[in-house]
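Visitor: Here it is: the structure, laid out below.
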Amino acid sequence: MSEFILHHYDNSPFAEKIRTLLGYKEASYQTVTIPVIMPKPDLVALTGGYRKTPVVQQGNHIYCDTRLIAKVIDQQLPQKSIYPESQALTANAIARWADQELFSIAVALAFSPAGFEAFTQKVPPHFVEAFANDRAKMREGGSGLSMTTETAFELWPLYLPQIEQQLTHNGPYICGQQATIADFSIYHCLWFVNNNAGVKHLLQGYPQVLQWFQKIKSIGHGNPTTIEADAAITIAKESKPCDFSDALFTEYNHLRQGDTVAIQPTDYGIVPVVGELVVSAADEVAIKRIDPRAGEVYVHFPRVGYQITKHE
Ligand SMILES: N[C@@H](CCC(=O)N[C@@H](CS)C(=O)NCC(=O)O)C(=O)O
């Protein structure tokens, strides 16, 4: 297996989820720094249109969405699995809640007057407007990330005590003795809040949460080496093509291997990626697409959170 290449930028919470997981697995990996806002021509050459952060590449395989990325990392680096069978529903359900609900709260807090003011202090003035426009466009036509600041301020004091109680009575990790996907998903949301000087004080008053937060933070990011985007695209182009004819393929909704399909997120950033369906499993789909720069690539998505339709 070739090395993981993480396409990310420093301030991305979902990228922090994966950096921390790679740290937990003590992994060596490569990184490509991608733009924070569109356009992202190098990333899109690999993904076919998916623009969210992070994306993980392995040769000519491109993995989109941290739900799938975390599973692929855990399968290939199985020591200290973060998917214990005894917590199969609990850990995945909490992770999904965190990646959607808690992340929406964290974003709404970042866009609150105090949060946004702190953000504008850290970035050049021309970037503020470009960033706000980019994110507004990303939300167009979607249903996710529409939480108001008022709702976020109501929900924070409801959920944080629940995390505090759970850690107090069933710690030291979210699901008990062992770190699970739930830890990484909650962590990146709180990391985002903690990084914003205007709202980080909201973490105070939750001592168990803070102790747990420091423990996850101290995991670090493993051993990353930076490469250029062009080098990553060359790695994809020079990788051997795959034959999926023998791959396990479960037919859902009458979609067959070889059908041309469009895959798009159901929440926000709803840009379809079109290609030939090659993998169809319980929580993974992949399409084959030919890119002028990256060659034949296989773009993988989780099934949860995505809509897959036949493309005529
Ligand atoms: N469901 C996705 C969500 C990823 C996501 O929303 N990432 C944010 C950054 S943390 C994003 O893509 N923002 C827009 C961008 O980076 O262009 C996942 O789990 O990977």
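Identifiers in the structure tokens: chain A, B, ... in order shown; residue index from 1 per chain; ligand index from 1 in order shown.
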Among segment 23-97 of chain A, which residues does DSSP mark as strand (DSSP E) when it is run on the backbone? Keep the chain and numbering as in the structure and answer as an MDAnalysis selection string.
Guide: chainID A and resid 28:33 55:58 61:64
Visitor: Let me see the file: selected residues, C-alpha atoms, as a PDB file, in the first residue's frame.
Guide:
```pdb
ATOM      1  CA  SER A  28       4.010   8.473   8.725  1.00  0.00           C
ATOM      2  CA  TYR A  29       2.186  10.206   5.879  1.00  0.00           C
ATOM      3  CA  GLN A  30       2.468  12.969   3.325  1.00  0.00           C
ATOM      4  CA  THR A  31       0.491  16.198   3.275  1.00  0.00           C
ATOM      5  CA  VAL A  32      -0.526  18.674   0.602  1.00  0.00           C
ATOM      6  CA  THR A  33      -1.715  22.101   1.686  1.00  0.00           C
ATOM      7  CA  VAL A  55      -9.348  14.437   1.295  1.00  0.00           C
ATOM      8  CA  VAL A  56      -7.005  11.485   1.618  1.00  0.00           C
ATOM      9  CA  GLN A  57      -5.219  10.009  -1.381  1.00  0.00           C
ATOM     10  CA  GLN A  58      -3.469   6.696  -1.648  1.00  0.00           C
ATOM     11  CA  HIS A  61      -7.490   6.108  -4.783  1.00  0.00           C
ATOM     12  CA  ILE A  62      -9.082   9.297  -3.486  1.00  0.00           C
ATOM     13  CA  TYR A  63     -11.061   9.088  -0.241  1.00  0.00           C
ATOM     14  CA  CYS A  64     -13.613  11.818   0.442  1.00  0.00           C
TER      15      CYS A  64
END
```
Visitor: Please, which residues have at least one atom within 9 Å of an atom of ligand 1, using only C-alpha atoms and all ligand atoms, listed as number ranges by chain?
Guide: A: 8-9, 11-17, 34-40, 51-55, 64-69, 96, 99-100, 103, 134-135, 138, 145, 185, 188, 192, 265, 267-269, 305
Visitor: Have a look at A:Asp243, A:Glu312, A:Glu140, A:Asp42 and name the one nearest to Gly275 of chain A; count only C-alpha atoms.
Guide: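 Of the candidates, the smallest distance to Gly275 of chain A is held by A:Glu312.
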Visitor: Atom CA of Ala91 of chain A to atom CA of Gln162 of chain A: how many Å, to one decimal?
Guide: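 Going from atom CA of Ala91 of chain A over to atom CA of Gln162 of chain A covers 15.2 Å.
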Visitor: With only C-alpha atoms as the atoms that count, which of A:Trp212, A:Tyr298, A:Phe244, A:Trp156 lies nearest to Tyr173 of chain A?
Guide: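 Using only C-alpha atoms, the shortest distance to Tyr173 of chain A belongs to A:Trp212.
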Visitor: Could you check which of A:Gln211, A:Gln79, A:Thr20, A:Gln257 is closest to Pro224 of chain A, using only C-alpha atoms?
Guide: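 Ranking A:Gln211, A:Gln79, A:Thr20, A:Gln257 by distance to Pro224 of chain A, first place goes to A:Thr20.
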Visitor: Which of segment 98-240 of chain A counts as alpha helix (DSSP H) under DSSP, as a ChimeraX atom specification please?
Guide: /A:103-110,113-122,125-139,149-170,181-194,207-217,229-238
Visitor: Output the selection as a CSV table (one decimal), in the first residue's frame - C-alpha atoms for each residue.
Guide:
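And here is the file that came out, result-v7.csv:
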```csv
chain,number,residue,atom,x,y,z
A,103,PHE,CA,-19.9,20.9,14.2
A,104,SER,CA,-22.9,23.2,13.3
A,105,ILE,CA,-22.8,24.6,16.8
A,106,ALA,CA,-19.0,25.3,16.5
A,107,VAL,CA,-19.4,27.0,13.1
A,108,ALA,CA,-22.3,29.1,14.4
A,109,LEU,CA,-20.2,30.2,17.4
A,110,ALA,CA,-17.3,31.0,15.0
A,113,PRO,CA,-20.1,38.5,16.7
A,114,ALA,CA,-17.3,37.6,19.2
A,115,GLY,CA,-16.2,34.6,17.1
A,116,PHE,CA,-16.2,36.5,13.8
A,117,GLU,CA,-14.4,39.5,15.3
A,118,ALA,CA,-11.6,37.2,16.6
A,119,PHE,CA,-11.4,35.5,13.2
A,120,THR,CA,-11.0,38.9,11.4
A,121,GLN,CA,-8.1,39.7,13.7
A,122,LYS,CA,-6.2,36.7,12.5
A,125,PRO,CA,-8.9,42.1,5.6
A,126,HIS,CA,-9.5,41.1,1.9
A,127,PHE,CA,-9.8,37.4,2.9
A,128,VAL,CA,-12.7,38.0,5.3
A,129,GLU,CA,-15.2,38.9,2.6
A,130,ALA,CA,-13.8,36.2,0.2
A,131,PHE,CA,-14.2,33.6,2.9
A,132,ALA,CA,-17.7,34.6,3.9
A,133,ASN,CA,-18.8,34.6,0.2
A,134,ASP,CA,-17.2,31.2,-0.4
A,135,ARG,CA,-18.9,29.6,2.6
A,136,ALA,CA,-22.2,31.2,1.7
A,137,LYS,CA,-21.9,29.8,-1.8
A,138,MET,CA,-21.0,26.4,-0.4
A,139,ARG,CA,-24.2,26.3,1.6
A,149,THR,CA,-25.9,31.8,16.6
A,150,GLU,CA,-28.9,32.0,19.0
A,151,THR,CA,-29.5,28.3,18.7
A,152,ALA,CA,-25.8,27.5,19.1
A,153,PHE,CA,-25.8,29.5,22.4
A,154,GLU,CA,-28.8,27.6,23.6
A,155,LEU,CA,-27.5,24.1,22.7
A,156,TRP,CA,-23.9,24.5,24.0
A,157,PRO,CA,-24.9,24.6,27.7
A,158,LEU,CA,-27.2,21.6,27.0
A,159,TYR,CA,-24.6,19.4,25.3
A,160,LEU,CA,-21.4,20.3,27.1
A,161,PRO,CA,-22.7,19.1,30.5
A,162,GLN,CA,-23.7,15.8,28.9
A,163,ILE,CA,-20.2,15.3,27.6
A,164,GLU,CA,-18.9,16.3,31.1
A,165,GLN,CA,-21.2,13.8,32.8
A,166,GLN,CA,-20.4,11.0,30.5
A,167,LEU,CA,-16.6,11.5,30.9
A,168,THR,CA,-17.1,11.7,34.7
A,169,HIS,CA,-19.0,8.5,35.0
A,170,ASN,CA,-17.7,6.5,32.1
A,181,ILE,CA,-14.3,7.4,16.6
A,182,ALA,CA,-16.6,9.4,18.9
A,183,ASP,CA,-13.5,11.0,20.6
A,184,PHE,CA,-12.0,12.2,17.3
A,185,SER,CA,-15.3,13.6,16.1
A,186,ILE,CA,-16.1,15.5,19.3
A,187,TYR,CA,-12.5,16.6,19.6
A,188,HIS,CA,-12.3,18.4,16.3
A,189,CYS,CA,-15.4,20.5,17.1
A,190,LEU,CA,-14.1,21.6,20.5
A,191,TRP,CA,-10.7,22.2,18.9
A,192,PHE,CA,-12.3,24.7,16.5
A,193,VAL,CA,-14.0,26.5,19.4
A,194,ASN,CA,-10.8,26.5,21.5
A,207,PRO,CA,-13.0,20.2,34.0
A,208,GLN,CA,-13.4,16.6,32.7
A,209,VAL,CA,-14.0,17.9,29.2
A,210,LEU,CA,-10.8,20.0,29.4
A,211,GLN,CA,-8.8,17.2,30.8
A,212,TRP,CA,-10.0,14.9,28.1
A,213,PHE,CA,-9.4,17.6,25.5
A,214,GLN,CA,-5.7,18.0,26.6
A,215,LYS,CA,-5.3,14.2,26.5
A,216,ILE,CA,-6.5,14.0,22.9
A,217,LYS,CA,-4.6,17.1,21.9
A,229,ALA,CA,0.1,19.3,-5.1
A,230,ASP,CA,1.7,18.5,-8.5
A,231,ALA,CA,3.7,15.7,-6.9
A,232,ALA,CA,0.5,14.2,-5.5
A,233,ILE,CA,-1.2,14.4,-8.9
A,234,THR,CA,1.8,12.7,-10.5
A,235,ILE,CA,1.6,9.9,-7.9
A,236,ALA,CA,-2.0,9.3,-8.9
A,237,LYS,CA,-1.2,9.4,-12.6
A,238,GLU,CA,1.7,6.9,-12.3
```
